[in-house]
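Next comes coords_28.cif, with mmCIF, C-alpha atoms.
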data_input
#
loop_
_atom_site.label_atom_id
_atom_site.label_comp_id
_atom_site.auth_asym_id
_atom_site.auth_seq_id
_atom_site.Cartn_x
_atom_site.Cartn_y
_atom_site.Cartn_z
CA MET A 273 -24.43 7.64 -5.81
CA SER A 274 -22.25 4.69 -4.91
CA THR A 275 -21.95 1.42 -6.78
CA LYS A 276 -22.55 -1.82 -4.92
CA LEU A 277 -19.80 -4.27 -5.77
CA SER A 278 -20.56 -7.96 -6.08
CA LEU A 279 -17.62 -9.24 -4.12
CA SER A 280 -18.92 -12.38 -2.48
CA PRO A 281 -16.81 -15.43 -3.36
CA ASP A 282 -19.28 -16.70 -5.95
CA ALA A 283 -20.67 -13.46 -7.32
CA GLY A 284 -19.49 -12.62 -10.79
CA THR A 285 -16.70 -15.15 -10.58
CA ALA A 286 -15.24 -16.22 -13.89
CA ALA A 287 -12.53 -18.68 -14.78
CA PRO A 288 -9.15 -17.02 -15.38
CA GLN A 289 -8.24 -16.40 -19.01
CA PRO A 290 -5.62 -18.74 -20.49
CA SER A 291 -3.01 -16.00 -20.19
CA SER A 292 -3.73 -15.57 -16.47
CA GLU A 293 -0.99 -17.88 -15.30
CA LEU A 294 0.37 -17.17 -11.85
CA ILE A 295 4.15 -16.84 -11.95
CA GLU A 296 6.34 -16.94 -8.88
CA ILE A 297 9.02 -14.26 -9.21
CA ALA A 298 11.10 -14.63 -6.09
CA ARG A 299 11.30 -15.95 -2.54
CA SER A 300 12.56 -14.25 0.59
CA PRO A 301 13.64 -16.68 3.33
CA ASP A 302 14.63 -14.04 5.89
CA PHE A 303 12.62 -10.86 5.36
CA LEU A 304 8.92 -10.23 5.00
CA TRP A 305 8.09 -8.13 1.96
CA ASN A 306 4.90 -6.22 1.51
CA GLY A 307 5.05 -4.69 -1.94
CA ALA A 308 6.48 -5.02 -5.44
CA VAL A 309 6.57 -2.39 -8.17
CA ALA A 310 7.90 -2.69 -11.71
CA THR A 311 9.12 0.37 -13.53
CA GLY A 312 11.34 0.90 -16.55
CA GLY A 313 12.00 -2.82 -16.89
CA ARG A 314 13.20 -3.15 -13.30
CA LEU A 315 11.47 -4.57 -10.22
CA PHE A 316 11.69 -3.31 -6.66
CA ALA A 317 10.25 -4.55 -3.38
CA SER A 318 9.72 -3.06 0.07
CA MET A 319 10.65 -4.89 3.25
CA PRO A 320 9.09 -3.36 6.38
CA GLY A 321 10.76 -3.59 9.77
CA TRP A 322 7.87 -5.40 11.42
CA LEU A 323 9.92 -8.43 12.50
CA GLY A 324 13.26 -6.69 12.92
CA PRO A 325 15.75 -4.74 10.79
CA THR A 326 15.65 -5.33 7.02
CA PRO A 327 17.30 -3.74 3.97
CA GLY A 328 14.09 -1.72 3.55
CA VAL A 329 14.15 -1.71 -0.25
CA VAL A 330 15.58 -4.27 -2.65
CA GLU A 331 15.85 -4.67 -6.40
CA VAL A 332 14.60 -8.05 -7.61
CA PHE A 333 16.27 -9.64 -10.64
CA PRO A 334 14.85 -12.01 -13.30
CA ASP A 335 16.53 -15.03 -11.68
CA GLY A 336 14.73 -14.35 -8.39
CA SER A 337 17.75 -12.96 -6.59
CA PHE A 338 17.67 -9.53 -5.03
CA LYS A 339 19.99 -6.97 -3.48
CA PRO A 340 19.53 -3.81 -1.39
CA PHE A 341 18.64 -0.64 -3.26
CA PRO A 342 20.25 1.85 -3.54
CA GLY A 343 22.86 -0.25 -1.74
CA ASN A 344 24.33 2.30 0.65
CA HIS A 345 23.70 3.63 4.16
CA TRP A 346 19.94 3.70 3.60
CA ASN A 347 19.82 -0.11 3.68
CA GLU A 348 21.91 -0.55 6.83
CA TRP A 349 19.53 0.20 9.67
CA ALA A 350 20.18 -1.33 13.08
CA GLU A 351 19.17 -0.36 16.58
CA GLY A 352 21.32 2.53 17.76
CA LYS A 353 21.98 4.00 14.31
CA ASP A 354 20.69 7.40 13.25
CA PRO A 355 17.12 6.72 12.10
CA THR A 356 17.11 9.77 9.82
CA GLN A 357 19.87 8.25 7.70
CA HIS A 358 18.43 4.76 7.23
CA PHE A 359 15.27 2.98 6.15
CA VAL A 360 13.82 1.98 9.51
CA ASP A 361 10.41 0.60 8.54
CA VAL A 362 9.49 0.96 4.87
CA ASN A 363 5.75 0.65 4.49
CA SER A 364 5.63 1.18 0.72
CA ILE A 365 7.47 2.29 -2.38
CA ILE A 366 6.12 4.02 -5.48
CA PRO A 367 7.70 5.13 -8.78
CA ASP A 368 6.72 8.60 -9.93
CA GLY A 369 6.95 7.95 -13.68
CA LYS A 370 9.82 10.42 -13.90
CA GLY A 371 12.67 8.04 -13.18
CA ASN A 372 12.46 8.11 -9.40
CA LEU A 373 11.48 5.68 -6.68
CA TRP A 374 9.87 7.15 -3.58
CA VAL A 375 10.29 5.33 -0.28
CA LEU A 376 7.80 5.86 2.56
CA ASP A 377 9.50 5.17 5.87
CA ALA A 378 6.99 4.94 8.71
CA ALA A 379 10.01 4.65 11.06
CA ALA A 380 8.07 2.40 13.43
CA PRO A 381 10.10 -0.74 14.22
CA HIS A 382 8.06 -3.85 14.98
CA PHE A 383 4.88 -2.09 13.80
CA ALA A 384 4.91 -0.19 17.09
CA THR A 385 5.31 3.54 17.73
CA ALA A 386 7.05 5.76 15.21
CA ILE A 387 10.40 7.32 16.01
CA GLU A 388 9.54 11.00 16.07
CA GLY A 389 11.79 13.04 13.81
CA ALA A 390 12.57 10.00 11.62
CA VAL A 391 9.26 9.64 9.76
CA LYS A 392 10.16 10.49 6.17
CA VAL A 393 9.86 10.02 2.44
CA VAL A 394 12.97 9.59 0.30
CA GLN A 395 13.20 10.22 -3.44
CA ILE A 396 15.87 8.15 -5.19
CA SER A 397 16.98 8.15 -8.82
CA ILE A 398 16.31 4.70 -10.23
CA GLU A 399 19.12 5.02 -12.77
CA THR A 400 21.89 6.23 -10.48
CA GLY A 401 20.70 5.41 -6.95
CA GLU A 402 21.30 9.04 -6.00
CA THR A 403 19.25 10.46 -3.15
CA LYS A 404 17.42 13.42 -4.68
CA ARG A 405 15.17 14.50 -1.83
CA VAL A 406 14.42 13.65 1.78
CA ILE A 407 11.33 15.05 3.48
CA ILE A 408 11.44 14.47 7.23
CA PHE A 409 8.10 15.22 8.84
CA ASP A 410 7.82 17.41 11.90
CA PRO A 411 6.98 15.38 15.03
CA LYS A 412 4.00 17.68 15.55
CA THR A 413 2.36 16.24 12.43
CA ALA A 414 4.08 12.84 12.31
CA HIS A 415 4.19 11.90 15.97
CA SER A 416 4.64 8.47 17.53
CA GLY A 417 0.98 7.61 16.96
CA THR A 418 1.03 8.03 13.19
CA ARG A 419 1.90 5.64 10.37
CA LEU A 420 2.69 6.47 6.75
CA ALA A 421 0.91 4.12 4.36
CA HIS A 422 0.85 4.75 0.58
CA MET A 423 1.35 7.67 -1.79
CA ARG A 424 0.25 8.81 -5.25
CA PHE A 425 1.23 11.78 -7.42
CA HIS A 426 -0.78 14.42 -9.23
CA GLY A 427 1.14 17.13 -11.02
CA ASP A 428 3.28 19.00 -8.52
CA HIS A 429 1.55 17.43 -5.50
CA ALA A 430 1.75 14.12 -3.69
CA PHE A 431 -1.01 12.62 -1.56
CA MET A 432 -0.04 10.26 1.23
CA ALA A 433 -2.38 8.17 3.34
CA GLU A 434 -1.72 7.79 7.06
CA SER A 435 -3.28 4.73 8.63
CA LYS A 436 -2.89 4.81 12.41
CA GLU A 437 -4.91 7.92 13.27
CA GLY A 438 -6.48 8.10 9.81
CA SER A 439 -5.53 11.15 7.75
CA PHE A 440 -3.91 12.47 4.59
CA TYR A 441 -0.72 14.40 4.04
CA VAL A 442 -0.84 16.79 1.09
CA ILE A 443 2.70 17.55 -0.11
CA ASP A 444 3.59 20.41 -2.44
CA LEU A 445 6.61 19.03 -4.27
CA ARG A 446 7.63 22.47 -5.48
CA ASP A 447 8.89 23.44 -2.05
CA ASN A 448 8.40 20.27 0.07
CA SER A 449 5.79 22.00 2.21
CA TYR A 450 2.92 19.88 3.46
CA ARG A 451 -0.21 19.91 5.52
CA ARG A 452 -2.26 17.22 7.19
CA ILE A 453 -6.02 16.96 6.67
CA LEU A 454 -9.00 14.99 7.97
CA VAL A 455 -7.13 13.72 11.03
CA GLY A 456 -9.31 11.13 12.74
CA HIS A 457 -12.35 12.07 10.64
CA PRO A 458 -14.94 9.25 10.34
CA LEU A 459 -14.18 9.05 6.61
CA MET A 460 -10.65 8.07 7.56
CA ARG A 461 -11.54 5.46 10.18
CA CYS A 462 -12.58 1.81 10.02
CA GLU A 463 -16.07 0.85 11.07
CA PRO A 464 -16.26 -1.26 14.27
CA GLU A 465 -17.18 -4.37 12.26
CA ASP A 466 -14.24 -4.03 9.86
CA VAL A 467 -12.16 -6.75 11.51
CA PRO A 468 -10.99 -9.31 8.95
CA ILE A 469 -11.26 -13.06 9.32
CA MET A 470 -8.49 -15.06 7.67
CA GLU A 471 -7.83 -18.77 7.78
CA GLY A 472 -10.80 -19.06 10.11
CA ARG A 473 -9.58 -16.59 12.73
CA LYS A 474 -10.50 -12.99 13.48
CA ILE A 475 -7.37 -10.86 13.27
CA THR A 476 -6.57 -9.10 16.54
CA LEU A 477 -3.59 -7.40 18.11
CA LEU A 478 -1.50 -8.96 20.87
CA ASN A 479 -3.63 -7.21 23.49
CA GLY A 480 -6.70 -8.91 22.07
CA LYS A 481 -8.17 -5.75 20.61
CA PRO A 482 -9.42 -5.71 17.01
CA MET A 483 -6.88 -4.85 14.33
CA TYR A 484 -7.86 -1.59 12.64
CA ILE A 485 -5.69 -0.10 9.92
CA HIS A 486 -7.43 3.12 9.02
CA ASN A 487 -7.01 5.27 5.89
CA ASP A 488 -4.46 3.21 3.97
CA LEU A 489 -5.14 2.59 0.26
CA LEU A 490 -5.42 5.18 -2.50
CA GLU A 491 -5.43 5.26 -6.28
CA PHE A 492 -6.42 7.57 -9.12
CA GLY A 493 -9.31 6.59 -11.35
CA SER A 494 -9.71 6.62 -15.12
CA ASP A 495 -10.46 10.30 -14.68
CA PRO A 496 -6.96 11.43 -13.65
CA ASP A 497 -8.42 14.11 -11.40
CA THR A 498 -10.46 11.71 -9.24
CA LEU A 499 -8.74 10.26 -6.20
CA TYR A 500 -10.06 7.07 -4.59
CA PHE A 501 -9.18 5.94 -1.06
CA MET A 502 -10.22 3.47 1.62
CA CYS A 503 -9.30 1.90 4.94
CA LEU A 504 -7.56 -1.44 4.85
CA PHE A 505 -10.38 -4.02 4.93
CA GLY A 506 -12.87 -1.16 4.86
CA ARG A 507 -16.35 -1.57 3.43
CA LYS A 508 -16.36 1.58 1.32
CA ILE A 509 -14.11 3.12 -1.32
CA PHE A 510 -14.43 6.90 -1.29
CA LYS A 511 -13.66 9.39 -4.03
CA THR A 512 -13.15 13.12 -4.47
CA HIS A 513 -11.83 15.56 -7.03
CA VAL A 514 -8.14 16.05 -6.40
CA ASP A 515 -8.58 19.82 -6.10
CA THR A 516 -10.56 19.20 -2.91
CA PHE A 517 -7.39 18.08 -1.19
CA LYS A 518 -5.17 20.64 -2.90
CA ASP A 519 -7.18 23.67 -1.81
CA PRO A 520 -5.64 24.96 1.46
CA SER A 521 -8.58 27.30 2.07
CA LEU A 522 -11.00 24.43 2.72
CA THR A 523 -11.70 23.27 6.25
CA ASP A 524 -11.90 19.58 7.09
CA SER A 525 -15.68 19.85 7.18
CA GLU A 526 -15.73 21.42 3.73
CA ILE A 527 -13.36 18.77 2.40
CA ALA A 528 -15.50 15.96 3.83
CA SER A 529 -18.61 17.43 2.23
CA ARG A 530 -16.99 16.99 -1.18
CA VAL A 531 -16.17 13.31 -0.63
CA SER A 532 -18.61 10.63 -1.80
CA VAL A 533 -18.80 6.84 -1.76
CA ALA A 534 -17.61 5.40 -5.06
CA PHE A 535 -18.02 1.70 -4.27
CA ASP A 536 -19.75 -0.10 -1.44
CA VAL A 537 -17.45 -3.10 -1.14
CA GLY A 538 -19.26 -4.91 1.65
CA GLY A 539 -16.82 -7.84 1.53
CA PRO A 540 -14.53 -9.71 1.23
CA TRP A 541 -11.52 -8.18 2.96
CA VAL A 542 -9.66 -5.96 0.50
CA ALA A 543 -5.97 -5.58 1.32
CA GLY A 544 -4.78 -3.68 -1.74
CA ILE A 545 -5.96 -1.90 -4.86
CA CYS A 546 -4.53 -0.80 -8.18
CA ARG A 547 -6.00 0.32 -11.49
CA ASP A 548 -4.97 -0.55 -15.03
CA ARG A 549 -4.86 2.02 -17.81
CA ASP A 550 -8.16 0.78 -19.27
CA GLY A 551 -9.97 1.48 -16.00
CA THR A 552 -9.98 -2.09 -14.69
CA TRP A 553 -9.53 -2.34 -10.93
CA TYR A 554 -7.57 -5.13 -9.25
CA LEU A 555 -8.20 -5.86 -5.58
CA THR A 556 -6.39 -8.31 -3.37
CA ASP A 557 -8.89 -10.60 -1.65
CA ALA A 558 -7.36 -11.52 1.70
CA GLU A 559 -10.40 -13.56 2.71
CA ASN A 560 -10.23 -15.89 -0.28
CA ASN A 561 -6.49 -15.82 -0.96
CA GLY A 562 -6.61 -14.23 -4.36
CA ILE A 563 -6.87 -11.33 -6.76
CA ARG A 564 -10.18 -9.98 -8.04
CA ARG A 565 -10.93 -7.79 -11.03
CA ILE A 566 -13.66 -5.23 -11.65
CA ARG A 567 -13.95 -4.34 -15.32
CA PRO A 568 -15.24 -0.90 -16.34
CA ASP A 569 -18.32 -2.43 -18.01
CA SER A 570 -19.13 -4.95 -15.26
CA ASN A 571 -21.63 -2.79 -13.34
CA GLY A 572 -19.59 -3.40 -10.20
CA ALA A 573 -19.46 -7.20 -10.49
CA SER A 574 -16.09 -8.76 -9.75
CA GLU A 575 -14.40 -11.86 -11.07
CA MET A 576 -11.67 -13.88 -9.46
CA VAL A 577 -8.47 -13.69 -11.49
CA VAL A 578 -6.58 -16.16 -9.34
CA SER A 579 -7.07 -17.86 -5.99
CA ARG A 580 -4.77 -20.33 -4.24
CA PRO A 581 -4.39 -21.46 -0.64
CA ASP A 582 -0.80 -20.24 -0.48
CA LEU A 583 -1.70 -16.66 -1.45
CA VAL A 584 -2.03 -15.75 2.21
CA TRP A 585 -2.87 -12.09 2.80
CA PRO A 586 -1.95 -10.93 -0.73
CA ILE A 587 -0.94 -7.32 -0.48
CA THR A 588 0.02 -4.15 -2.36
CA PRO A 589 -0.76 -5.02 -5.98
CA SER A 590 0.76 -2.91 -8.74
CA ILE A 591 0.46 -3.19 -12.49
CA SER A 592 3.34 -2.85 -14.92
CA THR A 593 3.27 -1.39 -18.41
CA ASP A 594 3.62 -4.89 -19.90
CA GLY A 595 0.36 -6.01 -18.32
CA TYR A 596 1.37 -7.92 -15.19
CA VAL A 597 -0.09 -7.44 -11.73
CA HIS A 598 2.68 -7.88 -9.15
CA PHE A 599 1.98 -8.67 -5.51
CA THR A 600 3.34 -10.51 -2.51
CA ALA A 601 1.84 -13.09 -0.15
CA SER A 602 2.63 -11.35 3.12
CA GLN A 603 1.26 -13.93 5.61
CA LEU A 604 0.74 -11.02 7.99
CA ASN A 605 -2.06 -12.83 9.78
CA ARG A 606 0.56 -15.42 10.79
CA VAL A 607 3.13 -13.08 12.33
CA PRO A 608 3.08 -12.72 16.13
CA MET A 609 1.62 -9.21 16.24
CA PHE A 610 -1.50 -10.37 14.37
CA SER A 611 -1.59 -14.11 15.13
CA GLY A 612 -2.23 -13.90 18.85
CA GLY A 613 1.44 -14.28 19.75
CA GLY A 614 2.73 -17.32 17.88
CA ASN A 615 4.91 -17.18 14.78
CA LEU A 616 2.89 -19.19 12.25
CA VAL A 617 4.72 -18.02 9.13
CA GLU A 618 5.70 -20.68 6.63
CA ARG A 619 8.95 -19.40 5.18
CA PRO A 620 9.92 -18.26 2.64
CA TRP A 621 7.73 -15.32 1.69
CA HIS A 622 6.67 -15.37 -1.97
CA MET A 623 6.36 -12.74 -4.68
CA PHE A 624 4.13 -13.31 -7.71
CA LYS A 625 2.96 -11.78 -10.93
CA ILE A 626 0.06 -12.62 -13.20
CA LYS A 627 -0.59 -11.53 -16.78
CA VAL A 628 -3.85 -9.62 -17.07
CA ARG A 629 -3.54 -8.07 -20.53
CA ASP A 630 -1.32 -8.18 -23.59
#
Here is the file; what I need is its structure written in the form of structure tokens.
Amino acid sequence: MSTKLSLSPDAGTAAPQPSSELIEIARSPDFLWNGAVATGGRLFASMPGWLGPTPGVVEVFPDGSFKPFPGNHWNEWAEGKDPTQHFVDVNSIIPDGKGNLWVLDAAAPHFATAIEGAVKVVQISIETGETKRVIIFDPKTAHSGTRLAHMRFHGDHAFMAESKEGSFYVIDLRDNSYRRILVGHPLMRCEPEDVPIMEGRKITLLNGKPMYIHNDLLEFGSDPDTLYFMCLFGRKIFKTHVDTFKDPSLTDSEIASRVSVAFDVGGPWVAGICRDRDGTWYLTDAENNGIRRIRPDSNGASEMVVSRPDLVWPITPSISTDGYVHFTASQLNRVPMFSGGGNLVERPWHMFKIKVRD
């Protein structure tokens, strides 16, 4: 049975706690960033190649400055360079809790088609900057019409959402083997009505077609064996036992039969999810420029943690061990590929954090 979430702007809304002060961490005048993760007392951000070449990954310092990470050839992509040796289009980054940062390179400049043979994940030591592993995906399973989204870890496996066709990659980290499941399955695809409206405008592509970003977001629940996932701006959050995805003997139909609806979101437009250690969920609310919270004992009701007009398309929240939710205001609805053609971005791009627990 699914839980209906009360996510309308007024439902379950509570005033932020006194400690819930929004703090601006840094500004990026030149490069859009779409994610921030804190780990081991350090902060990193991803910079996708949607508007042109970027460093891909940067480390952000307490004074708001930042520099490329790891600071070598990976951060030096330009047209004409070997795309297997550089971050071409970093969609997300994730620490594994074992001292490594994993970089998901969709290798699709300008949010267009992926460069086949360059779609990859890179494991880097946070302490030394050493490249520890590179998994380059076969063009047969990561072709030009695919897009890597986000990844989570469970034991010796990693689960990676793919958002253009709608699928999952299941990676066995013991030998770097992988398989792709649920390709194009209805569970992986947006519903026709899942087209967000932001700043009073329906978001469409340059060709006028609706913007659909299919299976994109994933997170583990309080039960560490339950995996949750959803389409960007989707109306439902699904869940399944992690062994469902791990079992190579199951067909797609058998896998789908073991997936259920965890939450019926219904609105507003959710652009990112993360979960705190106490089971509280944080969702970025792209419709109302803010961050919402669903407490474990709330019966699905949400409360607005923070909302401000300048939090335009807040994206990719993550929570640090010291109780801060980090996120960026991406303004993606204002970039040409989603704005109808004009560049409406108000530079710089901003990164924030907000204290949600002691």
| said: List as a PyMOL selection string the residues having at least one atom at most 8 Å from position (-13.2, -12.4, -1.8) as given in the file, counting all atoms listed in the file. | reply: chain A and resi 279-281+539-542+557-562+564+576
For the provided coordinates, the residues matched by the PyMOL selection byres ((chain A and resi 544) around 8) should be stated as a PDB file with C-alpha atoms, keeping the file's coordinate frame.
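Heads up, here's the output in result-v2.pdb:
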ATOM      1  CA  LEU A 489      -5.140   2.590   0.260  1.00  0.00           C
ATOM      2  CA  LEU A 504      -7.560  -1.440   4.850  1.00  0.00           C
ATOM      3  CA  VAL A 542      -9.660  -5.960   0.500  1.00  0.00           C
ATOM      4  CA  ALA A 543      -5.970  -5.580   1.320  1.00  0.00           C
ATOM      5  CA  ILE A 545      -5.960  -1.900  -4.860  1.00  0.00           C
ATOM      6  CA  CYS A 546      -4.530  -0.800  -8.180  1.00  0.00           C
ATOM      7  CA  LEU A 555      -8.200  -5.860  -5.580  1.00  0.00           C
ATOM      8  CA  THR A 556      -6.390  -8.310  -3.370  1.00  0.00           C
ATOM      9  CA  PRO A 586      -1.950 -10.930  -0.730  1.00  0.00           C
ATOM     10  CA  ILE A 587      -0.940  -7.320  -0.480  1.00  0.00           C
ATOM     11  CA  THR A 588       0.020  -4.150  -2.360  1.00  0.00           C
ATOM     12  CA  PRO A 589      -0.760  -5.020  -5.980  1.00  0.00           C
TER      13      PRO A 589
END
| said: So that I can check the surroundings of A:Ile396, please list as an NGL selection string every protein, DNA and RNA residue that reaches within 10 Å of it, counting only C-alpha atoms and ignoring chain neighbours fewer than 4 positions away. | reply: :A and (341-342 or 367 or 371-375 or 400-406)
| note | One residue among A:Arg565, A:His426, A:His622, A:His486 is nearest to A:Leu304 when using all atoms listed in the file, and that residue is A:His622
Using only C-alpha atoms, collect all residues at a distance of at most 9 Å from (-9.2, -19.7, 5.6) as written in the file, then present them as a PDB file with C-alpha atoms, in the frame of the given file.
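Listing of point-v9.pdb after writing:
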ATOM      1  CA  ILE A 469     -11.260 -13.060   9.320  1.00  0.00           C
ATOM      2  CA  MET A 470      -8.490 -15.060   7.670  1.00  0.00           C
ATOM      3  CA  GLU A 471      -7.830 -18.770   7.780  1.00  0.00           C
ATOM      4  CA  GLY A 472     -10.800 -19.060  10.110  1.00  0.00           C
ATOM      5  CA  ARG A 473      -9.580 -16.590  12.730  1.00  0.00           C
ATOM      6  CA  GLU A 559     -10.400 -13.560   2.710  1.00  0.00           C
ATOM      7  CA  ASN A 560     -10.230 -15.890  -0.280  1.00  0.00           C
ATOM      8  CA  ASN A 561      -6.490 -15.820  -0.960  1.00  0.00           C
ATOM      9  CA  PRO A 581      -4.390 -21.460  -0.640  1.00  0.00           C
ATOM     10  CA  VAL A 584      -2.030 -15.750   2.210  1.00  0.00           C
TER      11      VAL A 584
END
| said: Can you translate the PyMOL selection byres ((chain A and resi 446-458) around 10) into the concrete residues it hits in this file, as a PyMOL selection string? | reply: chain A and resi 405-409+413-414+428-445+459-463+486-487+517-518+520+522-525+527-528
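Going from atom CA of A:Pro355 over to atom CA of A:Gln395, you cover 16.4 Å.
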| request: Measure the distance from atom CA of A:Val393 to atom CA of A:Ile485 in Å and round it to one decimal. | output: 20.0 Å
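The space between atom CA of A:Asp582 and atom CA of A:Pro327 spans 24.9 Å.
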Selected by the PyMOL selection byres ((chain A and resi 334) around 10) in the shown coordinates: which residues, as a tab-separated table (two decimals) with C-alpha atoms, in the frame of the given file?
chain	number	residue	atom	x	y	z
A	297	ILE	CA	9.02	-14.26	-9.21
A	298	ALA	CA	11.10	-14.63	-6.09
A	314	ARG	CA	13.20	-3.15	-13.30
A	315	LEU	CA	11.47	-4.57	-10.22
A	332	VAL	CA	14.60	-8.05	-7.61
A	333	PHE	CA	16.27	-9.64	-10.64
A	335	ASP	CA	16.53	-15.03	-11.68
A	336	GLY	CA	14.73	-14.35	-8.39
A	337	SER	CA	17.75	-12.96	-6.59
A	338	PHE	CA	17.67	-9.53	-5.03
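Distance check against A:Gly313 using all atoms listed in the file: of A:Glu331, A:Lys627, A:Gln357, A:Val578, the minimum falls on A:Glu331.
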Neighbour list for A:Arg567 as a PDB file with C-alpha atoms, in the frame of the given file, cut-off 7 Å, only C-alpha atoms, skip fewer than 3 positions in-chain:
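Ended up saving to selection-v7.pdb:
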ATOM      1  CA  THR A 552      -9.980  -2.090 -14.690  1.00  0.00           C
ATOM      2  CA  TRP A 553      -9.530  -2.340 -10.930  1.00  0.00           C
ATOM      3  CA  SER A 570     -19.130  -4.950 -15.260  1.00  0.00           C
TER       4      SER A 570
END
| request: With a distance cut-off of 9 Å and all atoms listed in the file, select the neighbouring residues of A:Trp305, excluding the residue or stretch itself and same-chain residues fewer than 4 positions from it, and output the selection as a PyMOL selection string. | output: chain A and resi 300+317-320+328+600-602+621-623
Leaving out A:Asp495 and any residue of its chain fewer than 4 positions from it, which residues lie within 12 Å of it when counting only C-alpha atoms, given as a PDB file with C-alpha atoms, in the frame of the given file?
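Below you can see around-v7.pdb, which holds the result:
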ATOM      1  CA  HIS A 426      -0.780  14.420  -9.230  1.00  0.00           C
ATOM      2  CA  GLU A 491      -5.430   5.260  -6.280  1.00  0.00           C
ATOM      3  CA  LEU A 499      -8.740  10.260  -6.200  1.00  0.00           C
ATOM      4  CA  TYR A 500     -10.060   7.070  -4.590  1.00  0.00           C
ATOM      5  CA  LYS A 511     -13.660   9.390  -4.030  1.00  0.00           C
ATOM      6  CA  THR A 512     -13.150  13.120  -4.470  1.00  0.00           C
ATOM      7  CA  HIS A 513     -11.830  15.560  -7.030  1.00  0.00           C
ATOM      8  CA  VAL A 514      -8.140  16.050  -6.400  1.00  0.00           C
ATOM      9  CA  ARG A 547      -6.000   0.320 -11.490  1.00  0.00           C
ATOM     10  CA  ARG A 549      -4.860   2.020 -17.810  1.00  0.00           C
ATOM     11  CA  ASP A 550      -8.160   0.780 -19.270  1.00  0.00           C
ATOM     12  CA  GLY A 551      -9.970   1.480 -16.000  1.00  0.00           C
TER      13      GLY A 551
END
Fewer than 6 positions away in the same chain doesn't count, so skip those; otherwise give me all residues within 8 Å of A:Ile295, counting all atoms listed in the file, as a PDB file with C-alpha atoms, in the coordinates of the input.
ATOM      1  CA  PHE A 624       4.130 -13.310  -7.710  1.00  0.00           C
ATOM      2  CA  LYS A 625       2.960 -11.780 -10.930  1.00  0.00           C
ATOM      3  CA  ILE A 626       0.060 -12.620 -13.200  1.00  0.00           C
TER       4      ILE A 626
END
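Among the candidates A:Phe535, A:Phe501, A:Trp322, A:Trp349, the residue lying nearest to A:Phe610 is A:Trp322 (atoms considered: only C-alpha atoms).
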Reconstruct N, CA and C atoms of stretch 493-506 of chain A; output as a compact mmCIF listing (two decimals), in the coordinates of the input.
# COMPACT_ATOMS: atom_id res chain seq x y z
N GLY A 493 -8.41 7.28 -10.45
CA GLY A 493 -9.31 6.59 -11.35
C GLY A 493 -9.00 6.86 -12.81
N SER A 494 -9.88 6.38 -13.69
CA SER A 494 -9.71 6.62 -15.12
C SER A 494 -9.71 8.12 -15.41
N ASP A 495 -10.54 8.85 -14.66
CA ASP A 495 -10.46 10.30 -14.68
C ASP A 495 -9.25 10.67 -13.82
N PRO A 496 -8.20 11.21 -14.41
CA PRO A 496 -6.96 11.43 -13.65
C PRO A 496 -7.08 12.44 -12.54
N ASP A 497 -8.22 13.13 -12.46
CA ASP A 497 -8.42 14.11 -11.40
C ASP A 497 -9.27 13.58 -10.24
N THR A 498 -9.64 12.30 -10.30
CA THR A 498 -10.46 11.71 -9.24
C THR A 498 -9.61 10.77 -8.41
N LEU A 499 -9.53 11.06 -7.13
CA LEU A 499 -8.74 10.26 -6.20
C LEU A 499 -9.66 9.35 -5.40
N TYR A 500 -9.31 8.06 -5.34
CA TYR A 500 -10.06 7.07 -4.59
C TYR A 500 -9.23 6.66 -3.37
N PHE A 501 -9.91 6.35 -2.26
CA PHE A 501 -9.18 5.94 -1.06
C PHE A 501 -10.09 5.10 -0.17
N MET A 502 -9.46 4.33 0.72
CA MET A 502 -10.22 3.47 1.62
C MET A 502 -9.34 3.01 2.78
N CYS A 503 -9.99 2.56 3.85
CA CYS A 503 -9.30 1.90 4.94
C CYS A 503 -8.93 0.48 4.51
N LEU A 504 -7.87 -0.05 5.09
CA LEU A 504 -7.56 -1.44 4.85
C LEU A 504 -8.71 -2.29 5.40
N PHE A 505 -9.24 -3.18 4.58
CA PHE A 505 -10.38 -4.02 4.93
C PHE A 505 -11.65 -3.22 5.18
N GLY A 506 -11.67 -1.97 4.71
CA GLY A 506 -12.87 -1.16 4.86
C GLY A 506 -13.98 -1.63 3.95
